[in-house]
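Asks: One structure follows; several queries about it will come next.
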Amino acid sequence: MTISRFRSAALGLSLTLLPLALLAHGISDADKQRMLDGGYLQYVGLGASHMLTGYDHLLFLFGVLFFLATFKDVVKFVTVFTVGHSLTLVFATLLQITWNYYLVDAIIALSVMYKAFDNNGGFQKHFQMTSPNLLWMVFGFGLLHGFGLSTRLQQLPLGDDPGAILGRILSFNLGVELGQIAALVLMVGALSLWRHRPSFKRFSHAANLALFYAGVYLLFTQLHGYQHDVAPDSFRFPAAEHRHAHEDLDVENTEDPSRDGL
C-alpha cells in the first residue's frame, strides 16, 4: 500500500470520529440533575464515563504508550500524566480558574497531534533536532488535560460547602482515574500483542499518521464549537435557524423566505 493510500485511509479514519468527537465531553442536563439528586458516587461514575468518552485524552495516551515496550515505562509515564491532570483538575476547580472549554479542548487536540508528530520522528526529520524530554512533555500536557477536565466539572452544581465541594472534586477525579485504568488495560494489552507482530513496524507510521489526522479533526471540531459559542450569528443562518446536521436534518424547518432575494 502506498503512502498516499495510507494518508487517505488515515483521513477517512479521522472523519469517522466526527460522531464520537461531538459526543465527547458534554455534560447533559440529565447528568446535572443526577449530581443534584445523588451523592459522591454519582461524581465517581461521571468522572469514569467522562474519561472513557474523552477521546482526546485517550488518543493522547495511546500516542504516549505506542512505543513504550516495558511495564516500568508505562507506569512511569502514566503516573506523570496522572499527577499532572490531577493537580490542575483539583486546584483549578477549587479556585474556580476556568476558560472557554472549546479553546482548552482545541489545545488538548494539539497535544494529540504533537505526540503523533513526535512518534513519527518529526523533530528529527523536519527540525534536525532531538525530541523534547518526553517525561516533562507528558507532565505538561497532563496539566493541560486536567484543566480541560476542570472546565467541564465546573459546569456542575458543586454546592456551597467547601468540604462537600472538595469531596465532589476528589470523587470526580477518582472516577477519571478508574476510567483511565480501564482504558489503559485495553490499550496496553492491544499494543503489547501488536508490537510482537511484523505488521507493527510496517504500519506504525501509518497508525501515527491516522492519530495526527484525528488530532487535526478534533482541533477543527473544537474551533467550530468555539465559533458557535462566541459568535452564533456569524454563520450564514442566525443561531435560531442554524442546526448541525447531526442534530436536525429537517431542512424545511430551517428555511427563511426573507433571504430568497439574496
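In the C-alpha cells, chains take letters A, B, ... by order of appearance, with residues numbered from 1 within each chain and ligands from 1 in the order shown.
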Which polymer residues have any atom within 12 Å of an atom of A:Ile97, counting only C-alpha atoms, with same-chain residues fewer than 5 positions away left out, as a PDB file with N, CA, C and O atoms, in the first residue's frame?
Replies:
```pdb
ATOM      1  N   THR A  88      -4.190  20.011  38.233  1.00  0.00           N
ATOM      2  CA  THR A  88      -4.992  21.112  37.683  1.00  0.00           C
ATOM      3  C   THR A  88      -6.484  20.847  37.839  1.00  0.00           C
ATOM      4  O   THR A  88      -7.262  21.788  38.017  1.00  0.00           O
ATOM      5  N   LEU A  89      -6.901  19.588  37.772  1.00  0.00           N
ATOM      6  CA  LEU A  89      -8.318  19.285  37.973  1.00  0.00           C
ATOM      7  C   LEU A  89      -8.770  19.742  39.353  1.00  0.00           C
ATOM      8  O   LEU A  89      -9.798  20.423  39.495  1.00  0.00           O
ATOM      9  N   VAL A  90      -7.997  19.418  40.376  1.00  0.00           N
ATOM     10  CA  VAL A  90      -8.388  19.745  41.750  1.00  0.00           C
ATOM     11  C   VAL A  90      -8.268  21.236  42.020  1.00  0.00           C
ATOM     12  O   VAL A  90      -9.225  21.893  42.455  1.00  0.00           O
ATOM     13  N   PHE A  91      -7.096  21.805  41.745  1.00  0.00           N
ATOM     14  CA  PHE A  91      -6.854  23.192  42.159  1.00  0.00           C
ATOM     15  C   PHE A  91      -7.569  24.208  41.266  1.00  0.00           C
ATOM     16  O   PHE A  91      -8.045  25.235  41.763  1.00  0.00           O
ATOM     17  N   ALA A  92      -7.642  23.949  39.972  1.00  0.00           N
ATOM     18  CA  ALA A  92      -8.367  24.889  39.109  1.00  0.00           C
ATOM     19  C   ALA A  92      -9.844  24.914  39.467  1.00  0.00           C
ATOM     20  O   ALA A  92     -10.487  25.973  39.444  1.00  0.00           O
ATOM     21  N   GLY A 146      -5.852  18.124  32.574  1.00  0.00           N
ATOM     22  CA  GLY A 146      -6.572  18.317  33.826  1.00  0.00           C
ATOM     23  C   GLY A 146      -7.365  19.603  33.832  1.00  0.00           C
ATOM     24  O   GLY A 146      -8.479  19.666  34.381  1.00  0.00           O
ATOM     25  N   PHE A 147      -6.831  20.639  33.214  1.00  0.00           N
ATOM     26  CA  PHE A 147      -7.559  21.907  33.118  1.00  0.00           C
ATOM     27  C   PHE A 147      -8.804  21.735  32.258  1.00  0.00           C
ATOM     28  O   PHE A 147      -9.871  22.300  32.548  1.00  0.00           O
ATOM     29  N   GLY A 148      -8.674  20.927  31.194  1.00  0.00           N
ATOM     30  CA  GLY A 148      -9.839  20.640  30.374  1.00  0.00           C
ATOM     31  C   GLY A 148     -10.918  19.913  31.171  1.00  0.00           C
ATOM     32  O   GLY A 148     -12.110  20.230  31.059  1.00  0.00           O
ATOM     33  N   LEU A 149     -10.516  18.951  31.980  1.00  0.00           N
ATOM     34  CA  LEU A 149     -11.468  18.249  32.837  1.00  0.00           C
ATOM     35  C   LEU A 149     -12.120  19.211  33.832  1.00  0.00           C
ATOM     36  O   LEU A 149     -13.315  19.133  34.112  1.00  0.00           O
ATOM     37  N   SER A 150     -11.327  20.136  34.356  1.00  0.00           N
ATOM     38  CA  SER A 150     -11.845  21.095  35.330  1.00  0.00           C
ATOM     39  C   SER A 150     -12.890  22.019  34.722  1.00  0.00           C
ATOM     40  O   SER A 150     -13.903  22.322  35.349  1.00  0.00           O
ATOM     41  N   THR A 151     -12.653  22.479  33.484  1.00  0.00           N
ATOM     42  CA  THR A 151     -13.627  23.376  32.855  1.00  0.00           C
ATOM     43  C   THR A 151     -14.977  22.698  32.713  1.00  0.00           C
ATOM     44  O   THR A 151     -16.026  23.352  32.804  1.00  0.00           O
ATOM     45  N   ARG A 152     -14.970  21.384  32.484  1.00  0.00           N
ATOM     46  CA  ARG A 152     -16.224  20.645  32.378  1.00  0.00           C
ATOM     47  C   ARG A 152     -16.851  20.417  33.750  1.00  0.00           C
ATOM     48  O   ARG A 152     -18.065  20.541  33.914  1.00  0.00           O
ATOM     49  N   LEU A 153     -16.024  20.076  34.727  1.00  0.00           N
ATOM     50  CA  LEU A 153     -16.546  19.827  36.063  1.00  0.00           C
ATOM     51  C   LEU A 153     -17.182  21.090  36.634  1.00  0.00           C
ATOM     52  O   LEU A 153     -18.181  21.021  37.362  1.00  0.00           O
ATOM     53  N   GLN A 154     -16.621  22.247  36.297  1.00  0.00           N
ATOM     54  CA  GLN A 154     -17.151  23.499  36.829  1.00  0.00           C
ATOM     55  C   GLN A 154     -18.511  23.873  36.240  1.00  0.00           C
ATOM     56  O   GLN A 154     -19.136  24.827  36.696  1.00  0.00           O
TER      57      GLN A 154
END
```
Asks: For A:Met137, work out the shell of residues within 12 Å, counting only C-alpha atoms and skipping chain neighbours fewer than 3 positions away, then give it as a ChimeraX atom specification.
Replies: /A:60,64,77,80-81,84,111-112,114-115,118,131-134,140-144
Asks: Could you take the residues named above and write them with all heavy atoms, as a compact mmCIF listing (two decimals), in the first residue's frame?
Replies:
```txt
# COMPACT_ATOMS: atom_id res chain seq x y z
N PHE A 60 -4.35 10.81 23.16
CA PHE A 60 -3.04 11.25 23.62
C PHE A 60 -2.34 10.11 24.37
O PHE A 60 -1.15 9.85 24.14
CB PHE A 60 -3.17 12.47 24.53
CG PHE A 60 -1.87 12.93 25.11
CD1 PHE A 60 -0.93 13.59 24.33
CD2 PHE A 60 -1.56 12.69 26.45
CE1 PHE A 60 0.29 14.00 24.87
CE2 PHE A 60 -0.36 13.10 26.99
CZ PHE A 60 0.57 13.75 26.20
N VAL A 64 1.24 8.21 23.65
CA VAL A 64 2.31 8.08 24.64
C VAL A 64 2.72 6.62 24.80
O VAL A 64 3.91 6.28 24.88
CB VAL A 64 1.87 8.66 26.00
CG1 VAL A 64 2.88 8.34 27.09
CG2 VAL A 64 1.68 10.16 25.89
N PHE A 77 5.27 6.83 32.86
CA PHE A 77 4.66 7.90 32.08
C PHE A 77 3.19 8.12 32.45
O PHE A 77 2.71 9.26 32.48
CB PHE A 77 4.80 7.61 30.58
CG PHE A 77 6.16 7.93 30.03
CD1 PHE A 77 7.13 6.95 29.94
CD2 PHE A 77 6.48 9.22 29.64
CE1 PHE A 77 8.40 7.24 29.46
CE2 PHE A 77 7.74 9.52 29.15
CZ PHE A 77 8.71 8.52 29.06
N VAL A 80 3.14 10.12 35.72
CA VAL A 80 3.43 11.54 35.49
C VAL A 80 2.21 12.25 34.90
O VAL A 80 1.84 13.36 35.31
CB VAL A 80 4.66 11.69 34.57
CG1 VAL A 80 4.78 13.11 34.05
CG2 VAL A 80 5.93 11.31 35.32
N PHE A 81 1.57 11.61 33.93
CA PHE A 81 0.37 12.20 33.32
C PHE A 81 -0.75 12.33 34.35
O PHE A 81 -1.44 13.37 34.41
CB PHE A 81 -0.09 11.31 32.16
CG PHE A 81 -1.33 11.81 31.46
CD1 PHE A 81 -1.28 12.92 30.63
CD2 PHE A 81 -2.54 11.17 31.63
CE1 PHE A 81 -2.42 13.40 29.99
CE2 PHE A 81 -3.68 11.62 30.99
CZ PHE A 81 -3.62 12.73 30.16
N GLY A 84 -0.09 15.17 36.79
CA GLY A 84 -0.33 16.45 36.12
C GLY A 84 -1.80 16.79 36.02
O GLY A 84 -2.23 17.88 36.40
N SER A 111 -2.16 18.50 21.56
CA SER A 111 -1.29 17.55 22.24
C SER A 111 -1.33 16.19 21.55
O SER A 111 -0.32 15.47 21.51
CB SER A 111 -1.69 17.42 23.72
OG SER A 111 -2.89 16.68 23.89
N VAL A 112 -2.49 15.82 21.00
CA VAL A 112 -2.59 14.57 20.24
C VAL A 112 -1.75 14.66 18.98
O VAL A 112 -0.99 13.73 18.65
CB VAL A 112 -4.07 14.29 19.88
CG1 VAL A 112 -4.18 13.04 19.00
CG2 VAL A 112 -4.91 14.13 21.14
N TYR A 114 0.80 16.63 18.51
CA TYR A 114 2.21 16.68 18.92
C TYR A 114 2.77 15.27 19.11
O TYR A 114 3.85 14.94 18.63
CB TYR A 114 2.35 17.49 20.21
CG TYR A 114 3.75 17.46 20.80
CD1 TYR A 114 4.68 18.43 20.46
CD2 TYR A 114 4.15 16.43 21.67
CE1 TYR A 114 5.97 18.40 20.98
CE2 TYR A 114 5.43 16.40 22.19
CZ TYR A 114 6.33 17.39 21.83
OH TYR A 114 7.61 17.33 22.35
N LYS A 115 2.04 14.43 19.84
CA LYS A 115 2.56 13.09 20.14
C LYS A 115 2.67 12.25 18.88
O LYS A 115 3.64 11.48 18.72
CB LYS A 115 1.67 12.38 21.17
CG LYS A 115 2.38 11.19 21.81
CD LYS A 115 3.55 11.67 22.64
CE LYS A 115 4.59 10.59 22.92
NZ LYS A 115 5.48 10.27 21.82
N ASP A 118 5.72 13.48 17.05
CA ASP A 118 6.92 13.01 17.74
C ASP A 118 7.16 11.53 17.47
O ASP A 118 8.28 11.10 17.21
CB ASP A 118 6.78 13.27 19.24
CG ASP A 118 8.04 12.93 20.02
OD1 ASP A 118 9.14 13.00 19.43
OD2 ASP A 118 7.92 12.59 21.21
N SER A 131 13.99 15.06 20.05
CA SER A 131 12.68 15.39 20.63
C SER A 131 12.84 16.00 22.02
O SER A 131 13.76 15.62 22.77
CB SER A 131 11.83 14.13 20.73
OG SER A 131 11.63 13.55 19.47
N PRO A 132 11.98 16.94 22.41
CA PRO A 132 11.99 17.44 23.80
C PRO A 132 11.80 16.29 24.78
O PRO A 132 11.23 15.24 24.43
CB PRO A 132 10.81 18.41 23.83
CG PRO A 132 10.62 18.84 22.41
CD PRO A 132 10.98 17.64 21.58
N ASN A 133 12.28 16.49 26.01
CA ASN A 133 12.18 15.45 27.03
C ASN A 133 10.73 14.98 27.16
O ASN A 133 9.84 15.75 27.52
CB ASN A 133 12.68 16.00 28.36
CG ASN A 133 12.69 14.94 29.45
OD1 ASN A 133 11.67 14.62 30.02
ND2 ASN A 133 13.87 14.39 29.72
N LEU A 134 10.50 13.70 26.87
CA LEU A 134 9.14 13.19 26.82
C LEU A 134 8.47 13.20 28.19
O LEU A 134 7.27 13.49 28.29
CB LEU A 134 9.14 11.77 26.24
CG LEU A 134 7.76 11.11 26.09
CD1 LEU A 134 6.84 11.97 25.23
CD2 LEU A 134 7.91 9.71 25.51
N GLY A 140 3.55 18.18 31.37
CA GLY A 140 2.96 19.45 30.96
C GLY A 140 1.61 19.26 30.29
O GLY A 140 0.65 19.99 30.58
N PHE A 141 1.53 18.28 29.41
CA PHE A 141 0.25 18.01 28.76
C PHE A 141 -0.76 17.46 29.76
O PHE A 141 -1.96 17.67 29.61
CB PHE A 141 0.43 17.06 27.59
CG PHE A 141 1.01 17.70 26.36
CD1 PHE A 141 2.10 17.15 25.70
CD2 PHE A 141 0.47 18.88 25.87
CE1 PHE A 141 2.63 17.73 24.57
CE2 PHE A 141 1.00 19.49 24.73
CZ PHE A 141 2.09 18.91 24.08
N GLY A 142 -0.28 16.75 30.78
CA GLY A 142 -1.17 16.29 31.83
C GLY A 142 -1.83 17.47 32.55
O GLY A 142 -3.04 17.44 32.84
N LEU A 143 -1.05 18.51 32.84
CA LEU A 143 -1.62 19.73 33.44
C LEU A 143 -2.71 20.31 32.55
O LEU A 143 -3.77 20.73 33.03
CB LEU A 143 -0.52 20.76 33.67
CG LEU A 143 0.57 20.42 34.69
CD1 LEU A 143 1.67 21.47 34.67
CD2 LEU A 143 -0.01 20.30 36.10
N LEU A 144 -2.44 20.34 31.25
CA LEU A 144 -3.41 20.88 30.30
C LEU A 144 -4.69 20.03 30.27
O LEU A 144 -5.80 20.56 30.30
CB LEU A 144 -2.77 20.94 28.91
CG LEU A 144 -3.70 21.32 27.76
CD1 LEU A 144 -4.24 22.73 27.94
CD2 LEU A 144 -2.96 21.19 26.43
```
Asks: Using only C-alpha atoms, which protein or nucleic acid residues come within 12 Å of A:Thr70? Drop anything in the same chain fewer than 3 positions from it, and give the result as a list in words.
Replies: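 The neighbour list is Leu65, Phe66, Phe67, Asp73, Val74, Val75, Lys76, Phe77, Val188, Gly189, Leu191, Ser192 and Arg195 of chain A.
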Asks: Could those residues be written to a file, using N, CA and C atoms, as a PDB file, in the first residue's frame?
Replies:
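Output (result.pdb):
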```pdb
ATOM      1  N   LEU A  65       1.741   5.724  24.818  1.00  0.00           N
ATOM      2  CA  LEU A  65       2.010   4.303  25.049  1.00  0.00           C
ATOM      3  C   LEU A  65       2.565   3.590  23.824  1.00  0.00           C
ATOM      4  N   PHE A  66       2.436   4.185  22.665  1.00  0.00           N
ATOM      5  CA  PHE A  66       2.649   3.466  21.411  1.00  0.00           C
ATOM      6  C   PHE A  66       3.998   2.742  21.353  1.00  0.00           C
ATOM      7  N   PHE A  67       5.066   3.405  21.764  1.00  0.00           N
ATOM      8  CA  PHE A  67       6.394   2.797  21.665  1.00  0.00           C
ATOM      9  C   PHE A  67       6.975   2.401  23.024  1.00  0.00           C
ATOM     10  N   ASP A  73       8.155   1.498  32.076  1.00  0.00           N
ATOM     11  CA  ASP A  73       7.979   2.758  31.358  1.00  0.00           C
ATOM     12  C   ASP A  73       6.513   3.178  31.322  1.00  0.00           C
ATOM     13  N   VAL A  74       5.618   2.208  31.124  1.00  0.00           N
ATOM     14  CA  VAL A  74       4.187   2.512  31.116  1.00  0.00           C
ATOM     15  C   VAL A  74       3.772   3.143  32.440  1.00  0.00           C
ATOM     16  N   VAL A  75       4.184   2.517  33.545  1.00  0.00           N
ATOM     17  CA  VAL A  75       3.833   3.029  34.868  1.00  0.00           C
ATOM     18  C   VAL A  75       4.408   4.429  35.070  1.00  0.00           C
ATOM     19  N   LYS A  76       5.646   4.638  34.654  1.00  0.00           N
ATOM     20  CA  LYS A  76       6.310   5.934  34.850  1.00  0.00           C
ATOM     21  C   LYS A  76       5.576   7.056  34.114  1.00  0.00           C
ATOM     22  N   PHE A  77       5.275   6.831  32.858  1.00  0.00           N
ATOM     23  CA  PHE A  77       4.658   7.902  32.077  1.00  0.00           C
ATOM     24  C   PHE A  77       3.191   8.116  32.451  1.00  0.00           C
ATOM     25  N   VAL A 188      -2.874  -1.052  26.483  1.00  0.00           N
ATOM     26  CA  VAL A 188      -1.588  -1.713  26.720  1.00  0.00           C
ATOM     27  C   VAL A 188      -1.645  -3.151  26.217  1.00  0.00           C
ATOM     28  N   GLY A 189      -2.759  -3.831  26.466  1.00  0.00           N
ATOM     29  CA  GLY A 189      -2.889  -5.198  26.002  1.00  0.00           C
ATOM     30  C   GLY A 189      -2.855  -5.303  24.493  1.00  0.00           C
ATOM     31  N   LEU A 191      -1.630  -3.083  22.291  1.00  0.00           N
ATOM     32  CA  LEU A 191      -0.324  -2.699  21.770  1.00  0.00           C
ATOM     33  C   LEU A 191       0.727  -3.774  22.035  1.00  0.00           C
ATOM     34  N   SER A 192       0.658  -4.433  23.185  1.00  0.00           N
ATOM     35  CA  SER A 192       1.622  -5.491  23.503  1.00  0.00           C
ATOM     36  C   SER A 192       1.509  -6.649  22.519  1.00  0.00           C
ATOM     37  N   ARG A 195       2.702  -5.314  19.010  1.00  0.00           N
ATOM     38  CA  ARG A 195       4.114  -4.952  18.930  1.00  0.00           C
ATOM     39  C   ARG A 195       4.994  -6.145  18.544  1.00  0.00           C
TER      40      ARG A 195
END
```
Asks: As a PyMOL selection string, please: all residues of stretch 69-134 of chain A that backbone DSSP puts in helix (DSSP H, G or I).
Replies: chain A and resi 71-94+101-119+122-127+134
Asks: To one decimal place in Å, what is the distance between atom CA of A:Gly167 and atom CA of A:Thr98?
Replies: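 One can read the atom CA of A:Gly167 to atom CA of A:Thr98 distance as 19.4 Å.
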Asks: With only C-alpha atoms as the counted atoms, please give the residues lying no more than 9 Å from A:Met51, apart from itself and same-chain residues fewer than 2 positions off, as an NGL selection string.
Replies: :A and (25 or 46-49 or 53-55 or 57-58 or 149 or 175-180 or 183)
Asks: Between atom CA of A:Phe203 and atom CA of A:Gly121, what is the distance in Å, rounded to a tenth?
Replies: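 Pair atom CA of A:Phe203 / atom CA of A:Gly121 returns 14.5 Å.
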Asks: A:Phe139, A:Asn100, A:Gln42, A:Gln124: which is nearest A:Val83, counting only C-alpha atoms?
Replies: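 The answer is A:Phe139, which sits nearest to A:Val83.
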Asks: Separation of atom CA of A:Thr79 and atom CA of A:Ile181, in Å?
Replies: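 Going from atom CA of A:Thr79 over to atom CA of A:Ile181 covers 11.1 Å.
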